[in-house]
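Enquirer: target36.pdb is the file, holding PDB, C-alpha atoms, pLDDT in the B column:
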ATOM      1  CA  MET N   1       0.000   0.000   0.000  1.00 99.00           C
ATOM      2  CA  ILE N   2       1.004   3.605  -0.629  1.00 99.00           C
ATOM      3  CA  ASP N   3      -0.205   6.431   1.618  1.00 99.00           C
ATOM      4  CA  LEU N   4      -0.059   9.903   0.050  1.00 99.00           C
ATOM      5  CA  HIS N   5      -1.518  11.888   2.969  1.00 99.00           C
ATOM      6  CA  SER N   6       0.176  11.986   6.366  1.00 99.00           C
ATOM      7  CA  HIS N   7       1.256  14.478   8.996  1.00 99.00           C
ATOM      8  CA  LEU N   8       4.434  12.761  10.123  1.00 99.00           C
ATOM      9  CA  LEU N   9       6.963  15.527   9.474  1.00 99.00           C
ATOM     10  CA  PRO N  10       7.665  16.102  13.161  1.00 99.00           C
ATOM     11  CA  GLY N  11       6.850  19.335  14.935  1.00 98.00           C
ATOM     12  CA  VAL N  12       5.633  21.409  11.988  1.00 98.00           C
ATOM     13  CA  ASP N  13       1.828  21.191  12.236  1.00 97.00           C
ATOM     14  CA  ASP N  14      -0.899  19.461  14.263  1.00 97.00           C
ATOM     15  CA  GLY N  15       0.510  16.020  13.487  1.00 98.00           C
ATOM     16  CA  SER N  16       3.451  14.151  14.976  1.00 98.00           C
ATOM     17  CA  ARG N  17       5.294  16.107  17.640  1.00 98.00           C
ATOM     18  CA  SER N  18       8.650  14.314  17.541  1.00 99.00           C
ATOM     19  CA  VAL N  19      10.958  12.151  15.467  1.00 99.00           C
ATOM     20  CA  ALA N  20      10.398   9.266  17.862  1.00 99.00           C
ATOM     21  CA  GLN N  21       6.635   9.510  17.439  1.00 99.00           C
ATOM     22  CA  SER N  22       6.923   9.545  13.640  1.00 99.00           C
ATOM     23  CA  VAL N  23       9.366   6.641  13.602  1.00 99.00           C
ATOM     24  CA  GLY N  24       7.003   4.568  15.732  1.00 98.00           C
ATOM     25  CA  VAL N  25       4.134   5.241  13.340  1.00 99.00           C
ATOM     26  CA  LEU N  26       6.261   4.455  10.285  1.00 99.00           C
ATOM     27  CA  ARG N  27       7.309   1.118  11.764  1.00 98.00           C
ATOM     28  CA  ALA N  28       3.678   0.270  12.449  1.00 98.00           C
ATOM     29  CA  MET N  29       2.810   1.229   8.875  1.00 98.00           C
ATOM     30  CA  ALA N  30       5.509  -1.072   7.527  1.00 98.00           C
ATOM     31  CA  GLU N  31       4.090  -3.938   9.571  1.00 98.00           C
ATOM     32  CA  VAL N  32       0.703  -3.649   7.843  1.00 97.00           C
ATOM     33  CA  GLY N  33       2.216  -3.476   4.369  1.00 97.00           C
ATOM     34  CA  LEU N  34       2.874   0.162   3.504  1.00 98.00           C
ATOM     35  CA  THR N  35       5.779   0.597   1.095  1.00 99.00           C
ATOM     36  CA  ASP N  36       5.632   4.374   0.547  1.00 99.00           C
ATOM     37  CA  VAL N  37       4.402   7.353   2.575  1.00 99.00           C
ATOM     38  CA  CYS N  38       4.147  10.974   1.484  1.00 99.00           C
ATOM     39  CA  LEU N  39       4.694  13.590   4.183  1.00 99.00           C
ATOM     40  CA  THR N  40       2.061  16.282   3.627  1.00 99.00           C
ATOM     41  CA  PRO N  41       2.224  18.987   6.311  1.00 98.00           C
ATOM     42  CA  HIS N  42      -0.436  21.673   6.379  1.00 98.00           C
ATOM     43  CA  PHE N  43       0.092  24.821   4.313  1.00 97.00           C
ATOM     44  CA  ARG N  44      -2.219  27.700   3.529  1.00 96.00           C
ATOM     45  CA  ALA N  45      -2.252  28.768  -0.092  1.00 96.00           C
ATOM     46  CA  GLY N  46      -1.760  32.382   0.962  1.00 92.00           C
ATOM     47  CA  ASP N  47       1.396  31.539   2.928  1.00 92.00           C
ATOM     48  CA  ILE N  48       3.263  29.571   0.261  1.00 93.00           C
ATOM     49  CA  THR N  49       6.635  30.991  -0.751  1.00 90.00           C
ATOM     50  CA  GLU N  50       9.193  29.869  -3.311  1.00 88.00           C
ATOM     51  CA  ILE N  51      11.042  27.722  -0.780  1.00 89.00           C
ATOM     52  CA  LEU N  52       9.994  25.543   2.127  1.00 92.00           C
ATOM     53  CA  PRO N  53      10.360  26.915   5.662  1.00 91.00           C
ATOM     54  CA  PRO N  54      13.781  26.077   7.183  1.00 88.00           C
ATOM     55  CA  GLY N  55      12.059  24.177   9.978  1.00 95.00           C
ATOM     56  CA  HIS N  56      10.632  21.738   7.459  1.00 97.00           C
ATOM     57  CA  GLU N  57      14.055  20.967   6.018  1.00 96.00           C
ATOM     58  CA  SER N  58      15.606  20.333   9.428  1.00 97.00           C
ATOM     59  CA  ALA N  59      12.623  18.204  10.489  1.00 98.00           C
ATOM     60  CA  PHE N  60      12.921  16.094   7.344  1.00 98.00           C
ATOM     61  CA  ALA N  61      16.657  15.629   7.854  1.00 98.00           C
ATOM     62  CA  ALA N  62      16.107  14.564  11.463  1.00 98.00           C
ATOM     63  CA  LEU N  63      13.352  12.136  10.486  1.00 99.00           C
ATOM     64  CA  THR N  64      15.226  10.499   7.617  1.00 98.00           C
ATOM     65  CA  ALA N  65      18.223   9.955   9.895  1.00 98.00           C
ATOM     66  CA  GLU N  66      16.099   7.758  12.190  1.00 98.00           C
ATOM     67  CA  ALA N  67      13.349   6.414   9.936  1.00 98.00           C
ATOM     68  CA  PRO N  68      13.190   2.745   8.910  1.00 98.00           C
ATOM     69  CA  LEU N  69      14.065   1.823   5.329  1.00 97.00           C
ATOM     70  CA  GLN N  70      10.411   1.014   4.685  1.00 98.00           C
ATOM     71  CA  PRO N  71       8.119   2.751   4.039  1.00 99.00           C
ATOM     72  CA  LYS N  72       9.988   5.012   1.634  1.00 99.00           C
ATOM     73  CA  LEU N  73       9.386   8.684   2.391  1.00 99.00           C
ATOM     74  CA  HIS N  74       8.232  11.258  -0.157  1.00 99.00           C
ATOM     75  CA  ARG N  75       7.524  14.944   0.310  1.00 98.00           C
ATOM     76  CA  GLY N  76       4.502  17.043  -0.393  1.00 98.00           C
ATOM     77  CA  ALA N  77       1.943  19.253   1.334  1.00 98.00           C
ATOM     78  CA  GLU N  78      -1.747  19.504   2.117  1.00 99.00           C
ATOM     79  CA  VAL N  79      -2.747  22.957   0.943  1.00 98.00           C
ATOM     80  CA  MET N  80      -5.722  24.746   2.491  1.00 98.00           C
ATOM     81  CA  MET N  81      -7.262  26.762  -0.313  1.00 97.00           C
ATOM     82  CA  ASP N  82      -7.832  30.002   1.565  1.00 94.00           C
ATOM     83  CA  ARG N  83      -7.004  31.891  -1.646  1.00 93.00           C
ATOM     84  CA  PRO N  84      -5.950  31.008  -5.210  1.00 92.00           C
ATOM     85  CA  LEU N  85      -2.493  29.544  -5.672  1.00 93.00           C
ATOM     86  CA  ALA N  86       0.065  32.027  -6.969  1.00 88.00           C
ATOM     87  CA  GLY N  87       2.843  31.123  -9.360  1.00 88.00           C
ATOM     88  CA  SER N  88       3.353  28.633 -12.144  1.00 92.00           C
ATOM     89  CA  ALA N  89       3.245  24.851 -11.959  1.00 94.00           C
ATOM     90  CA  ALA N  90       7.044  24.771 -12.004  1.00 93.00           C
ATOM     91  CA  GLU N  91       7.229  27.231  -9.105  1.00 94.00           C
ATOM     92  CA  LEU N  92       4.870  25.079  -7.026  1.00 96.00           C
ATOM     93  CA  ARG N  93       6.601  21.720  -7.474  1.00 95.00           C
ATOM     94  CA  HIS N  94       8.128  21.956  -3.979  1.00 96.00           C
ATOM     95  CA  ILE N  95       4.659  21.486  -2.467  1.00 97.00           C
ATOM     96  CA  THR N  96       3.228  18.935  -4.904  1.00 98.00           C
ATOM     97  CA  LEU N  97       3.118  15.212  -4.177  1.00 99.00           C
ATOM     98  CA  ALA N  98       6.664  13.905  -4.656  1.00 99.00           C
ATOM     99  CA  GLY N  99       7.420  16.744  -7.077  1.00 98.00           C
ATOM    100  CA  THR N 100       4.784  15.594  -9.572  1.00 98.00           C
ATOM    101  CA  ARG N 101       1.966  17.594 -11.138  1.00 98.00           C
ATOM    102  CA  TYR N 102      -0.424  16.265  -8.488  1.00 99.00           C
ATOM    103  CA  ILE N 103      -1.184  18.579  -5.563  1.00 99.00           C
ATOM    104  CA  LEU N 104      -3.166  17.667  -2.430  1.00 99.00           C
ATOM    105  CA  VAL N 105      -5.672  20.376  -1.508  1.00 99.00           C
ATOM    106  CA  GLU N 106      -8.298  20.809   1.183  1.00 99.00           C
ATOM    107  CA  PHE N 107     -11.122  23.207   1.982  1.00 98.00           C
ATOM    108  CA  PRO N 108     -13.032  24.381   5.079  1.00 97.00           C
ATOM    109  CA  ARG N 109     -15.710  21.896   6.106  1.00 96.00           C
ATOM    110  CA  MET N 110     -18.558  24.302   5.311  1.00 97.00           C
ATOM    111  CA  VAL N 111     -17.143  25.441   1.963  1.00 97.00           C
ATOM    112  CA  ALA N 112     -19.625  26.324  -0.777  1.00 97.00           C
ATOM    113  CA  GLY N 113     -19.675  24.105  -3.822  1.00 97.00           C
ATOM    114  CA  ASP N 114     -19.043  27.020  -6.195  1.00 97.00           C
ATOM    115  CA  THR N 115     -15.918  27.909  -4.222  1.00 97.00           C
ATOM    116  CA  VAL N 116     -14.540  24.409  -4.730  1.00 98.00           C
ATOM    117  CA  VAL N 117     -15.328  24.501  -8.450  1.00 98.00           C
ATOM    118  CA  ASN N 118     -13.590  27.847  -8.910  1.00 97.00           C
ATOM    119  CA  ALA N 119     -10.513  26.810  -6.913  1.00 97.00           C
ATOM    120  CA  LEU N 120     -10.094  23.501  -8.720  1.00 98.00           C
ATOM    121  CA  GLY N 121     -10.533  25.167 -12.096  1.00 97.00           C
ATOM    122  CA  ARG N 122      -7.748  27.632 -11.328  1.00 97.00           C
ATOM    123  CA  ILE N 123      -5.405  24.852 -10.223  1.00 98.00           C
ATOM    124  CA  VAL N 124      -6.046  22.914 -13.419  1.00 98.00           C
ATOM    125  CA  ASP N 125      -5.402  26.088 -15.424  1.00 97.00           C
ATOM    126  CA  LEU N 126      -1.924  26.195 -13.854  1.00 96.00           C
ATOM    127  CA  GLY N 127      -1.181  22.775 -15.319  1.00 97.00           C
ATOM    128  CA  LEU N 128      -1.528  20.901 -12.029  1.00 98.00           C
ATOM    129  CA  PHE N 129      -3.838  18.043 -11.063  1.00 99.00           C
ATOM    130  CA  PRO N 130      -5.624  18.717  -7.765  1.00 99.00           C
ATOM    131  CA  ILE N 131      -6.310  15.813  -5.443  1.00 99.00           C
ATOM    132  CA  VAL N 132      -9.137  16.801  -3.087  1.00 99.00           C
ATOM    133  CA  ALA N 133      -8.302  15.595   0.418  1.00 99.00           C
ATOM    134  CA  HIS N 134     -11.142  13.900   2.329  1.00 99.00           C
ATOM    135  CA  PRO N 135     -14.045  15.285   0.236  1.00 99.00           C
ATOM    136  CA  GLU N 136     -16.414  13.397   2.519  1.00 98.00           C
ATOM    137  CA  ARG N 137     -15.775  16.032   5.203  1.00 97.00           C
ATOM    138  CA  TYR N 138     -17.285  18.855   3.195  1.00 98.00           C
ATOM    139  CA  SER N 139     -20.977  19.514   3.657  1.00 95.00           C
ATOM    140  CA  CYS N 140     -21.308  20.419  -0.030  1.00 97.00           C
ATOM    141  CA  CYS N 141     -19.922  17.062  -1.141  1.00 97.00           C
ATOM    142  CA  SER N 142     -22.283  14.659  -2.862  1.00 97.00           C
ATOM    143  CA  PRO N 143     -21.797  12.167  -5.679  1.00 98.00           C
ATOM    144  CA  ALA N 144     -23.052  14.833  -8.092  1.00 98.00           C
ATOM    145  CA  ALA N 145     -20.625  17.434  -6.725  1.00 98.00           C
ATOM    146  CA  ALA N 146     -17.707  15.004  -6.795  1.00 99.00           C
ATOM    147  CA  SER N 147     -18.563  14.105 -10.380  1.00 98.00           C
ATOM    148  CA  ARG N 148     -18.404  17.791 -11.291  1.00 98.00           C
ATOM    149  CA  TRP N 149     -15.047  18.204  -9.543  1.00 99.00           C
ATOM    150  CA  ARG N 150     -13.668  15.205 -11.392  1.00 98.00           C
ATOM    151  CA  GLU N 151     -14.914  16.617 -14.710  1.00 98.00           C
ATOM    152  CA  LEU N 152     -12.745  19.656 -14.003  1.00 98.00           C
ATOM    153  CA  GLY N 153      -9.695  17.395 -13.721  1.00 98.00           C
ATOM    154  CA  ALA N 154      -9.534  16.741  -9.977  1.00 99.00           C
ATOM    155  CA  GLY N 155      -9.071  13.441  -8.165  1.00 99.00           C
ATOM    156  CA  MET N 156     -10.736  12.381  -4.911  1.00 99.00           C
ATOM    157  CA  GLN N 157      -8.798  11.127  -1.863  1.00 99.00           C
ATOM    158  CA  VAL N 158     -11.056   9.451   0.692  1.00 99.00           C
ATOM    159  CA  ASP N 159      -9.765   8.927   4.237  1.00 98.00           C
ATOM    160  CA  ALA N 160      -9.584   5.161   4.733  1.00 98.00           C
ATOM    161  CA  ASN N 161     -10.921   5.088   8.297  1.00 96.00           C
ATOM    162  CA  THR N 162     -13.952   7.153   7.293  1.00 96.00           C
ATOM    163  CA  LEU N 163     -15.288   4.204   5.317  1.00 96.00           C
ATOM    164  CA  LEU N 164     -16.062   2.615   8.678  1.00 93.00           C
ATOM    165  CA  ALA N 165     -17.608   5.723  10.254  1.00 93.00           C
ATOM    166  CA  ALA N 166     -21.331   5.867  10.988  1.00 86.00           C
ATOM    167  CA  GLN N 167     -21.899   9.611  10.755  1.00 86.00           C
ATOM    168  CA  ALA N 168     -22.653  11.651   7.637  1.00 92.00           C
ATOM    169  CA  ARG N 169     -19.049  11.771   6.470  1.00 94.00           C
ATOM    170  CA  GLY N 170     -18.955   7.965   6.592  1.00 96.00           C
ATOM    171  CA  GLN N 171     -22.063   7.812   4.447  1.00 95.00           C
ATOM    172  CA  ARG N 172     -20.518  10.251   1.967  1.00 97.00           C
ATOM    173  CA  ALA N 173     -17.236   8.317   1.859  1.00 98.00           C
ATOM    174  CA  ARG N 174     -18.999   5.038   1.147  1.00 97.00           C
ATOM    175  CA  ALA N 175     -21.173   6.697  -1.492  1.00 97.00           C
ATOM    176  CA  LEU N 176     -18.097   8.007  -3.314  1.00 98.00           C
ATOM    177  CA  VAL N 177     -16.502   4.559  -3.356  1.00 98.00           C
ATOM    178  CA  ALA N 178     -19.777   2.840  -4.237  1.00 98.00           C
ATOM    179  CA  GLN N 179     -20.228   5.049  -7.291  1.00 98.00           C
ATOM    180  CA  GLY N 180     -16.626   4.815  -8.462  1.00 99.00           C
ATOM    181  CA  LEU N 181     -15.856   8.446  -7.621  1.00 99.00           C
ATOM    182  CA  ALA N 182     -12.905   7.866  -5.266  1.00 99.00           C
ATOM    183  CA  ASP N 183      -9.437   7.731  -6.819  1.00 99.00           C
ATOM    184  CA  ILE N 184      -7.214   6.920  -3.841  1.00 99.00           C
ATOM    185  CA  LEU N 185      -7.484   6.088  -0.155  1.00 99.00           C
ATOM    186  CA  ALA N 186      -5.110   7.613   2.389  1.00 99.00           C
ATOM    187  CA  GLY N 187      -4.584   7.429   6.130  1.00 98.00           C
ATOM    188  CA  ASP N 188      -4.313  11.131   7.082  1.00 98.00           C
ATOM    189  CA  ASN N 189      -2.225   9.986  10.033  1.00 98.00           C
ATOM    190  CA  HIS N 190      -1.394  12.677  12.594  1.00 98.00           C
ATOM    191  CA  GLY N 191       1.082  10.675  14.651  1.00 98.00           C
ATOM    192  CA  ASP N 192      -1.639   8.315  15.854  1.00 97.00           C
ATOM    193  CA  ASP N 193      -2.930   4.877  14.884  1.00 95.00           C
ATOM    194  CA  ARG N 194      -4.817   5.843  11.727  1.00 94.00           C
ATOM    195  CA  THR N 195      -3.884   3.601   8.841  1.00 90.00           C
ATOM    196  CA  MET N 196      -5.012   2.636   5.368  1.00 95.00           C
ATOM    197  CA  ALA N 197      -5.174  -1.007   6.394  1.00 96.00           C
ATOM    198  CA  ALA N 198      -8.634  -0.718   7.958  1.00 94.00           C
ATOM    199  CA  GLY N 199     -10.071   0.825   4.805  1.00 97.00           C
ATOM    200  CA  ARG N 200      -8.479  -1.837   2.618  1.00 97.00           C
ATOM    201  CA  ARG N 201      -9.898  -4.588   4.839  1.00 96.00           C
ATOM    202  CA  PHE N 202     -13.334  -2.963   4.574  1.00 96.00           C
ATOM    203  CA  LEU N 203     -13.175  -3.011   0.777  1.00 97.00           C
ATOM    204  CA  LEU N 204     -12.001  -6.620   0.695  1.00 97.00           C
ATOM    205  CA  ALA N 205     -14.861  -7.617   2.995  1.00 95.00           C
ATOM    206  CA  GLN N 206     -17.227  -6.040   0.455  1.00 96.00           C
ATOM    207  CA  GLY N 207     -15.771  -8.131  -2.349  1.00 97.00           C
ATOM    208  CA  GLY N 208     -13.840  -5.151  -3.671  1.00 98.00           C
ATOM    209  CA  GLU N 209     -10.475  -6.726  -4.437  1.00 98.00           C
ATOM    210  CA  GLU N 210     -10.048  -4.707  -7.642  1.00 99.00           C
ATOM    211  CA  GLN N 211     -11.149  -1.473  -5.965  1.00 99.00           C
ATOM    212  CA  ALA N 212      -8.835  -2.054  -3.004  1.00 99.00           C
ATOM    213  CA  GLU N 213      -5.841  -2.584  -5.278  1.00 99.00           C
ATOM    214  CA  LEU N 214      -6.589   0.511  -7.353  1.00 99.00           C
ATOM    215  CA  LEU N 215      -7.310   2.784  -4.386  1.00 99.00           C
ATOM    216  CA  THR N 216      -4.417   1.738  -2.154  1.00 99.00           C
ATOM    217  CA  VAL N 217      -1.669   0.629  -4.554  1.00 99.00           C
ATOM    218  CA  LEU N 218      -2.064   1.255  -8.276  1.00 99.00           C
ATOM    219  CA  ASN N 219      -3.431   4.798  -8.362  1.00 99.00           C
ATOM    220  CA  PRO N 220      -1.151   6.090  -5.582  1.00 99.00           C
ATOM    221  CA  ALA N 221       1.777   4.548  -7.487  1.00 99.00           C
ATOM    222  CA  ALA N 222       0.617   6.279 -10.667  1.00 99.00           C
ATOM    223  CA  ILE N 223       0.672   9.608  -8.835  1.00 99.00           C
ATOM    224  CA  LEU N 224       4.242   9.015  -7.683  1.00 99.00           C
ATOM    225  CA  ARG N 225       5.177   8.302 -11.311  1.00 99.00           C
ATOM    226  CA  ASP N 226       3.262  11.410 -12.476  1.00 99.00           C
ATOM    227  CA  GLU N 227       1.017   9.245 -14.630  1.00 99.00           C
ATOM    228  CA  PRO N 228      -2.764   9.322 -15.215  1.00 98.00           C
ATOM    229  CA  LEU N 229      -5.103   7.729 -12.698  1.00 99.00           C
ATOM    230  CA  ALA N 230      -7.000   4.592 -13.617  1.00 99.00           C
ATOM    231  CA  PRO N 231     -10.796   4.580 -13.253  1.00 98.00           C
ATOM    232  CA  VAL N 232     -12.084   2.702 -10.214  1.00 99.00           C
ATOM    233  CA  PRO N 233     -15.186   0.580 -10.839  1.00 99.00           C
ATOM    234  CA  PRO N 234     -18.290   1.101  -8.689  1.00 98.00           C
ATOM    235  CA  LEU N 235     -18.694  -1.241  -5.725  1.00 98.00           C
ATOM    236  CA  GLN N 236     -21.864  -2.440  -4.083  1.00 96.00           C
ATOM    237  CA  ILE N 237     -21.355  -1.743  -0.387  1.00 93.00           C
ATOM    238  CA  ARG N 238     -23.322  -3.677   2.178  1.00 87.00           C
ATOM    239  CA  VAL N 239     -23.828  -1.930   5.515  1.00 72.00           C
ATOM    240  CA  SER N 240     -24.829  -3.882   8.612  1.00 63.00           C
ATOM    241  CA  LEU N 241     -28.190  -3.333  10.306  1.00 44.00           C
ATOM    242  CA  ALA N 242     -26.414  -2.103  13.446  1.00 53.00           C
ATOM    243  CA  GLN N 243     -24.566   0.526  11.445  1.00 58.00           C
ATOM    244  CA  ARG N 244     -27.756   1.656   9.700  1.00 52.00           C
ATOM    245  CA  ILE N 245     -29.411   2.116  13.109  1.00 46.00           C
ATOM    246  CA  ARG N 246     -26.446   4.184  14.353  1.00 56.00           C
ATOM    247  CA  GLU N 247     -26.660   6.363  11.251  1.00 53.00           C
ATOM    248  CA  LEU N 248     -30.388   6.933  11.764  1.00 47.00           C
ATOM    249  CA  PHE N 249     -29.835   8.079  15.344  1.00 49.00           C
ATOM    250  CA  GLU N 250     -26.987  10.386  14.309  1.00 52.00           C
ATOM    251  CA  ASP N 251     -29.059  11.871  11.473  1.00 50.00           C
ATOM    252  CA  GLU N 252     -31.769  12.798  13.999  1.00 42.00           C
ATOM    253  CA  ARG N 253     -29.382  14.712  16.276  1.00 41.00           C
TER     254      ARG N 253
END
Before anything else, please render the file you have as structure tokens.
Expert:
Amino acid sequence: MIDLHSHLLPGVDDGSRSVAQSVGVLRAMAEVGLTDVCLTPHFRAGDITEILPPGHESAFAALTAEAPLQPKLHRGAEVMMDRPLAGSAAELRHITLAGTRYILVEFPRMVAGDTVVNALGRIVDLGLFPIVAHPERYSCCSPAAASRWRELGAGMQVDANTLLAAQARGQRARALVAQGLADILAGDNHGDDRTMAAGRRFLLAQGGEEQAELLTVLNPAAILRDEPLAPVPPLQIRVSLAQRIRELFEDER
């Protein structure tokens, strides 16, 4: 498996606080089969400069000195789209996923759908391919909205653990996968126990061997190679009666 969304660059955002914490998480990731991890600390679009902050470079050097050989570490960023990105695609490669044309972006939870459309369109106009982080978190997200975002040239990154969640974001995450609108899964680990493995197991339990391979291995690998994403077939997802009851209660709150 390949995880392209993590907050394991120590001490730079709300993720891992130390090298030791990150190393422990990376070892646990290796044990469940992760071969590659992209470090994607939080950035705001309005704060991006031509070079990375010095603290990021020193944190990366400290981490690589102690990190296990597997998973292999790549660099990137998770960019909060508080304003349009400035600069050319070439000038933004230091914050893209592993220096490719793919860039991981996020939005406020209550973002308007038109705002997402406008932001993604501008990114595509720069010659970059936006990957929308955890679209299931956004209240404006629906299969129809995600389809529109994908038509613009964006990809969808669903948080793996959310597939097992009962609340509205869990319903949205499962709907995206069920309709073939998710392109990759990721862990969004913040120095804790979040992992892609649970999401992969969920898909396998649903009979989604092909979907699991595309979402956790093949499409993430394509991003690292700066190649096009493969379409992920729809998947019929069966939800237990107990989970449906939990969702009903949460919807009534």
Enquirer: Using atom CA of Gly199 of chain N and atom CA of Asp14 of chain N as the two end points, give the distance in Å to one decimal.
Expert: 22.8 Å
Enquirer: So, with all atoms listed in the file as the atoms that count, which of N:Pro10, N:Pro54, N:Gly15, N:Pro68 lies closest to His190 of chain N?
Expert: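 Nearest candidate to His190 of chain N out of N:Pro10, N:Pro54, N:Gly15, N:Pro68: N:Gly15.
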Enquirer: Written as a PyMOL selection string, which residues does the PyMOL selection byres ((chain N and resi 6) around 12) give for the file shown?
Expert: chain N and resi 2-5+7-10+13-16+22+25-26+29+36-42+73-78+97+104+133+159+185-196
Enquirer: Find the residue from N:Ala160, N:Ile123, N:Ala112, N:Leu224 that sits nearest to Cys141 of chain N; use only C-alpha atoms when measuring.
Expert: N:Ala112
Enquirer: Just say which residues the PyMOL selection byres ((chain N and resi 170-179) around 9) picks in this file, as a ChimeraX atom specification.
Expert: /N:134-137,141-143,146,156,158-169,180-183,211,232-237,247
Enquirer: Taking the file as shown, what set of residues would the PyMOL selection byres ((chain N and resi 80) around 6) give back, as number ranges by chain?
Expert: N: 44-45, 79, 81-82, 105-107
Enquirer: If I take atom CA of Ala197 of chain N and atom CA of Ile184 of chain N, how far is one from the other in Å, to one decimal?
Expert: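 Separating atom CA of Ala197 of chain N from atom CA of Ile184 of chain N is a distance of 13.1 Å.
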Enquirer: For Val116 of chain N, which of N:Gly33, N:Trp149, N:Arg93, N:Arg101 is the closest residue, counting all atoms listed in the file?
Expert: N:Trp149
Enquirer: Between N:Arg83, N:Met1, N:Leu63, N:Tyr138, which has the minimum distance to Pro220 of chain N (counting all atoms listed in the file)?
Expert: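 Using all atoms listed in the file, the shortest distance to Pro220 of chain N belongs to N:Met1.
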Enquirer: Mind giving me the straight-line distance from atom CA of Leu92 of chain N to atom CA of Asp125 of chain N in Å, one decimal?
Expert: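 Atom-to-atom, atom CA of Leu92 of chain N to atom CA of Asp125 of chain N, that is 13.3 Å.
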Enquirer: Point out the residue among N:Val111, N:Ala222, N:Ala119, N:Leu126 with the least atom-to-atom distance to Cys140 of chain N, counting only C-alpha atoms.
Expert: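 The answer is N:Val111, which sits nearest to Cys140 of chain N.
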